[in-house]
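**Q** Quick one: this structure, given as structure tokens, is what I'll be asking you about.
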Amino acid sequence: PAPSSSAGTAGRPALHSGWGPRAEPLAATVAPHREHYARHGLLNGVIIILLNKNAETHRLLEASLRLFSAHFLDCYPYDVHIFHEHRLAPGEAEGIRALTKSNVTFEYIDLVNQKLPRGLTADQVKPWNKWGLGYRQMCRFFSGLVYTLPSMQRYDWYWRMDTDSWYTSPLTFDPFARLQSTNCLYAYFWARSDDWFVTKGLWNTFEAWAEQYPLPARNLSRVKSHVMKDGKYMDLMFETNFEIGAMEVFRNAHYQAMFQHLDESEPLGFLRHRWGDAPFRPLGIHMVLEDSQVCSMTKAIQYKHGKHLGSSASPRGRCSRSAPRALNTAV
């Protein structure tokens with residue numbers, strides 16, 4: 001089912017991202033991918049992870065991926081696509097692949113040196129905010145750019161996790177299939193208010209774009225019903241260390257037009273104020289989707305997030321393929 005008020009993807013705005021293509025030809029891998037998914041009864045989904053230069057994140061990834069494999073991927077061997085900010089050392093990719101039965105692919109992205117909007121340079125924007133430029137670029141990347149990459153075009157669904165995402169109990173169902181069967185196109189785990197200083201100007205910029213675009217009144221009203229209370233913006237965010245969604249949502253013309261405007265227009269908030277993909281997400285999700293197409297996974301999956309949990313990450317049994325628990329539509 002299509003997102004509501006969708007203008008489709010045919011007229012999708014061209015992005016200025018400058019993100020490099022895959023190192024391997026995409027066409028050469030499509031047929032084996034389809035055969036593998038058909039053999040295991042999988043939907044066209046992918047697990048995406050960002051691995052940064054910090055050595056600690058590599059150790060965390062090893063532990064979290066090993067746990068995730070025992071609790072899910074061993075039964076549902078979806079592709080795992082790892083974006084990495086550093087050139088992998090000899091044997092590093094092979095060591096990660098050995099942790100799971102899934103097909104693991106790697107894509108190098110140099111976040112700090114990627115193209116910036118409006119001809120800005122790294123030297124210009126680095127002093128704008130105490131957060132490193134790489135982190136701010138990551139927020140841009142996951143807000144809108146990642147879904148347009150050549151490497152993502154074969155997939156219809158994605159499941160994002162961090163290197164310190166911990167699925168603490170075996171899964172007995174496929175969340176991709178469960179979302180599809182219940183017409184849920186975006187699933188989150190936590191929704192809460194973000195810090196005001198990293199959402200500065202976000203709502204005003206979004207509202208100005210919505211009026212100029214123009215965004216259909218029904219779509220704008222739906223966004224307001226979720227992110228406003230008593231006429232005040234609540235800085236709502238979906239914590240994006242866990243999210244599962246249909247790619248069509250983020251390739252939607254409204255979503256991409258909004259992202260491009262917020263990315264290129266003053267106050268250039270991703271770079272100046274460190275707008276995160278987390279507070280950006282509710283604006284886009286509720287703009288594109290009906291309330292019934294957004295669901296919570298808090299009662300369906302046992303999940304924790306944080307670096308401090310890595311030392312206790314040991315499997316509690318194995319995954320299995322059986323009936324899922326119900327999902328809740330919410331926020």
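Here, A, B, ... name the chains of the structure tokens in the order displayed, residue numbers run from 1 inside each chain, and ligands are numbered from 1 in the same displayed order.
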I'd like the contact shell of Arg160 in chain A - 6 Å cut-off, only C-alpha atoms, skipping same-chain residues fewer than 4 positions apart - returned as a list in words.
**A**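 These residues fall inside the cut-off: Ile47, Ile48, Phe242 and Glu243 of chain A.
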**Q** For Asp123 in chain A, please output as a PyMOL selection string all residues within 12 Å (counting only C-alpha atoms; exclusion window: fewer than 5 positions along the same chain).
**A** chain A and resi 112-113+116+128+132-133
**Q** What parts of range 45-194 of chain A does DSSP call alpha helix (DSSP H)? I'd like the answer as an mmCIF file with C-alpha atoms, in the first residue's frame.
**A**
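Wrote it out as part.cif, contents follow:
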data_model
loop_
_atom_site.group_PDB
_atom_site.id
_atom_site.type_symbol
_atom_site.label_atom_id
_atom_site.label_comp_id
_atom_site.auth_asym_id
_atom_site.auth_seq_id
_atom_site.Cartn_x
_atom_site.Cartn_y
_atom_site.Cartn_z
ATOM 1 C CA ALA A 55 38.039 1.285 17.389
ATOM 2 C CA GLU A 56 35.504 0.849 20.194
ATOM 3 C CA THR A 57 32.618 0.871 17.714
ATOM 4 C CA HIS A 58 34.239 -2.017 15.856
ATOM 5 C CA ARG A 59 34.342 -4.081 19.061
ATOM 6 C CA LEU A 60 30.734 -3.156 19.778
ATOM 7 C CA LEU A 61 29.693 -4.119 16.250
ATOM 8 C CA GLU A 62 31.235 -7.560 16.645
ATOM 9 C CA ALA A 63 29.282 -8.150 19.866
ATOM 10 C CA SER A 64 25.983 -6.677 18.665
ATOM 11 C CA LEU A 65 26.053 -8.418 15.293
ATOM 12 C CA ARG A 66 26.893 -11.751 16.905
ATOM 13 C CA LEU A 67 23.921 -11.319 19.252
ATOM 14 C CA PHE A 68 21.604 -10.144 16.465
ATOM 15 C CA GLU A 92 38.514 -6.560 8.758
ATOM 16 C CA ALA A 93 35.613 -7.202 6.383
ATOM 17 C CA GLU A 94 36.168 -10.960 6.491
ATOM 18 C CA GLY A 95 36.162 -10.902 10.286
ATOM 19 C CA ILE A 96 32.800 -9.132 10.353
ATOM 20 C CA ARG A 97 31.308 -11.448 7.719
ATOM 21 C CA ALA A 122 34.205 22.255 5.646
ATOM 22 C CA ASP A 123 36.391 25.092 6.953
ATOM 23 C CA GLN A 124 33.374 27.414 6.917
ATOM 24 C CA VAL A 125 30.967 25.157 8.807
ATOM 25 C CA LEU A 133 31.322 17.894 11.209
ATOM 26 C CA GLY A 134 31.259 14.120 10.714
ATOM 27 C CA TYR A 135 28.392 13.779 13.194
ATOM 28 C CA ARG A 136 26.434 16.601 11.570
ATOM 29 C CA GLN A 137 26.991 15.040 8.163
ATOM 30 C CA MET A 138 25.723 11.743 9.553
ATOM 31 C CA CYS A 139 22.487 13.487 10.575
ATOM 32 C CA ARG A 140 22.067 14.747 6.993
ATOM 33 C CA PRO A 175 9.321 -7.752 11.553
ATOM 34 C CA PHE A 176 9.467 -6.859 7.848
ATOM 35 C CA ALA A 177 6.708 -9.364 7.087
ATOM 36 C CA ARG A 178 4.722 -8.303 10.129
ATOM 37 C CA LEU A 179 4.819 -4.653 9.103
ATOM 38 C CA GLN A 180 3.771 -5.473 5.569
ATOM 39 C CA SER A 181 0.874 -7.674 6.722
#
**Q** Determine, counting only C-alpha atoms, which protein, DNA and RNA residues have an atom within 10 Å of an atom of Lys307 in chain A; residues of the same chain fewer than 2 positions away are not included. Present the result as a ChimeraX atom specification.
**A** /A:56-57,60,162-166,304-305,309-311
**Q** Just to be explicit: take each residue in the selection above, keep N, CA, C and O atoms, and write the result as a tab-separated table (two decimals), in the first residue's frame.
**A**
chain	number	residue	atom	x	y	z
A	56	GLU	N	36.50	1.40	19.27
A	56	GLU	CA	35.50	0.85	20.19
A	56	GLU	C	34.24	0.43	19.45
A	56	GLU	O	33.62	-0.58	19.79
A	57	THR	N	33.84	1.22	18.44
A	57	THR	CA	32.62	0.87	17.71
A	57	THR	C	32.79	-0.44	16.95
A	57	THR	O	31.82	-1.17	16.76
A	60	LEU	N	32.17	-3.11	19.50
A	60	LEU	CA	30.73	-3.16	19.78
A	60	LEU	C	29.98	-3.83	18.64
A	60	LEU	O	29.06	-4.63	18.87
A	162	ASP	N	22.36	0.54	15.34
A	162	ASP	CA	23.67	1.08	15.66
A	162	ASP	C	24.63	-0.05	16.01
A	162	ASP	O	24.22	-1.19	16.22
A	163	THR	N	25.89	0.32	16.15
A	163	THR	CA	26.87	-0.68	16.58
A	163	THR	C	26.64	-1.10	18.03
A	163	THR	O	27.12	-2.14	18.46
A	164	ASP	N	25.88	-0.27	18.78
A	164	ASP	CA	25.54	-0.63	20.16
A	164	ASP	C	24.04	-0.84	20.33
A	164	ASP	O	23.43	-0.43	21.32
A	165	SER	N	23.44	-1.49	19.34
A	165	SER	CA	22.04	-1.92	19.42
A	165	SER	C	22.01	-3.38	19.87
A	165	SER	O	22.69	-4.22	19.29
A	166	TRP	N	21.20	-3.67	20.90
A	166	TRP	CA	21.20	-5.00	21.50
A	166	TRP	C	19.78	-5.59	21.49
A	166	TRP	O	18.89	-5.07	22.16
A	304	LYS	N	17.57	-3.00	23.67
A	304	LYS	CA	18.25	-1.98	24.49
A	304	LYS	C	19.31	-1.31	23.62
A	304	LYS	O	19.73	-1.84	22.59
A	305	HIS	N	19.71	-0.12	24.08
A	305	HIS	CA	20.68	0.64	23.31
A	305	HIS	C	21.69	1.28	24.26
A	305	HIS	O	21.32	1.83	25.28
A	309	LEU	N	26.22	-1.70	27.55
A	309	LEU	CA	25.59	-3.02	27.58
A	309	LEU	C	26.39	-4.10	26.86
A	309	LEU	O	26.06	-5.26	26.91
A	310	GLY	N	27.46	-3.70	26.20
A	310	GLY	CA	28.20	-4.63	25.37
A	310	GLY	C	28.82	-5.80	26.10
A	310	GLY	O	28.88	-6.91	25.58
A	311	SER	N	29.27	-5.57	27.32
A	311	SER	CA	29.96	-6.63	28.06
A	311	SER	C	29.03	-7.78	28.44
A	311	SER	O	29.48	-8.89	28.73
**Q** Of the residues A:Ser221, A:Val80, A:His86, A:Pro117, which is the one nearest to Lys101 in chain A, using only C-alpha atoms?
**A**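 Distance minimum relative to Lys101 in chain A lands on A:Val80.
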**Q** Restricting the calculation to only C-alpha atoms: of A:Glu35, A:Asp263, A:Glu239, A:Glu211, which residue gets closest to Pro282 in chain A?
**A**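 Under the stated criterion, the closest residue is A:Glu239.
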**Q** Going by DSSP on the backbone, which bits of range 27-128 of chain A are strand (DSSP E)? Write them as a PyMOL selection string, please.
**A** chain A and resi 45-51+79-84+104-108
**Q** Would you mind exporting the chosen residues as a PDB file, in the first residue's frame, restricted to C-alpha atoms?
**A**
ATOM      1  CA  GLY A  45      14.703  -5.772   3.109  1.00  0.00           C
ATOM      2  CA  VAL A  46      18.156  -4.859   4.370  1.00  0.00           C
ATOM      3  CA  ILE A  47      19.806  -4.177   7.728  1.00  0.00           C
ATOM      4  CA  ILE A  48      21.861  -0.963   7.625  1.00  0.00           C
ATOM      5  CA  ILE A  49      24.613  -0.002  10.075  1.00  0.00           C
ATOM      6  CA  LEU A  50      27.107   2.874  10.205  1.00  0.00           C
ATOM      7  CA  LEU A  51      30.596   1.989  11.419  1.00  0.00           C
ATOM      8  CA  ASP A  79      21.426  -8.691   3.847  1.00  0.00           C
ATOM      9  CA  VAL A  80      23.492  -6.520   6.168  1.00  0.00           C
ATOM     10  CA  HIS A  81      24.909  -3.370   4.580  1.00  0.00           C
ATOM     11  CA  ILE A  82      27.603  -1.578   6.562  1.00  0.00           C
ATOM     12  CA  PHE A  83      28.541   1.997   5.761  1.00  0.00           C
ATOM     13  CA  HIS A  84      32.046   2.707   7.062  1.00  0.00           C
ATOM     14  CA  VAL A 104      27.385  -8.600   4.473  1.00  0.00           C
ATOM     15  CA  THR A 105      28.366  -5.797   2.097  1.00  0.00           C
ATOM     16  CA  PHE A 106      30.425  -2.706   2.793  1.00  0.00           C
ATOM     17  CA  GLU A 107      30.273   0.831   1.438  1.00  0.00           C
ATOM     18  CA  TYR A 108      32.838   3.508   2.172  1.00  0.00           C
TER      19      TYR A 108
END
**Q** So that I can see what lies close to Phe72 in chain A, please list as a list in words the residues with an atom at most 8 Å from it, counting only C-alpha atoms and leaving out residues fewer than 4 positions away in the same chain.
**A**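 Listing them by chain and then by number gives Phe68, Tyr76, Pro77, Pro170, Leu171, Thr172, Arg318, Cys319 and Ser320 of chain A.
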**Q** To one decimal place in Å, what is the distance between CA of His40 in chain A and CA of Leu99 in chain A?
**A** 19.1 Å
**Q** I'd like the contact shell of Arg274 in chain A - 6 Å cut-off, only C-alpha atoms, skipping same-chain residues fewer than 2 positions apart - returned as a list of chain:residue names.
**A**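 Counting only C-alpha atoms, the residues come to A:Arg136, A:Val198, A:Phe270, A:Leu271, A:Arg272, A:Gly276.
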**Q** A:Ala210, A:Ile109, A:Ala191, A:Ala217: which is nearest Leu262 in chain A, counting only C-alpha atoms?
**A** A:Ala210
**Q** What's the 12 Å shell around Val294 in chain A, counting only C-alpha atoms, without same-chain residues fewer than 2 positions away, as a VMD selection string?
**A** chain A and resid 3 to 4 179 to 180 182 to 189 191 226 238 243 to 246 249 281 to 282 284 to 292 296 to 297 327 to 331
**Q** Mind checking which residues fall within 12 Å of Glu266 in chain A, counting only C-alpha atoms, ignoring those fewer than 5 positions away in the same chain, and posting them as an NGL selection string?
**A** :A and (117-118 or 200-202 or 204-206 or 208-209 or 260-261 or 271-273)
**Q** Quick one: distance from CA of Pro315 in chain A to CA of Ala70 in chain A in Å, one decimal?
**A**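 Answer for the CA of Pro315 in chain A to CA of Ala70 in chain A separation: 6.4 Å.
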**Q** Have a look at CA of Asp194 in chain A and CA of Val223 in chain A and let me know their distance in Å, one decimal.
**A**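 These atoms are spaced 16.5 Å apart.
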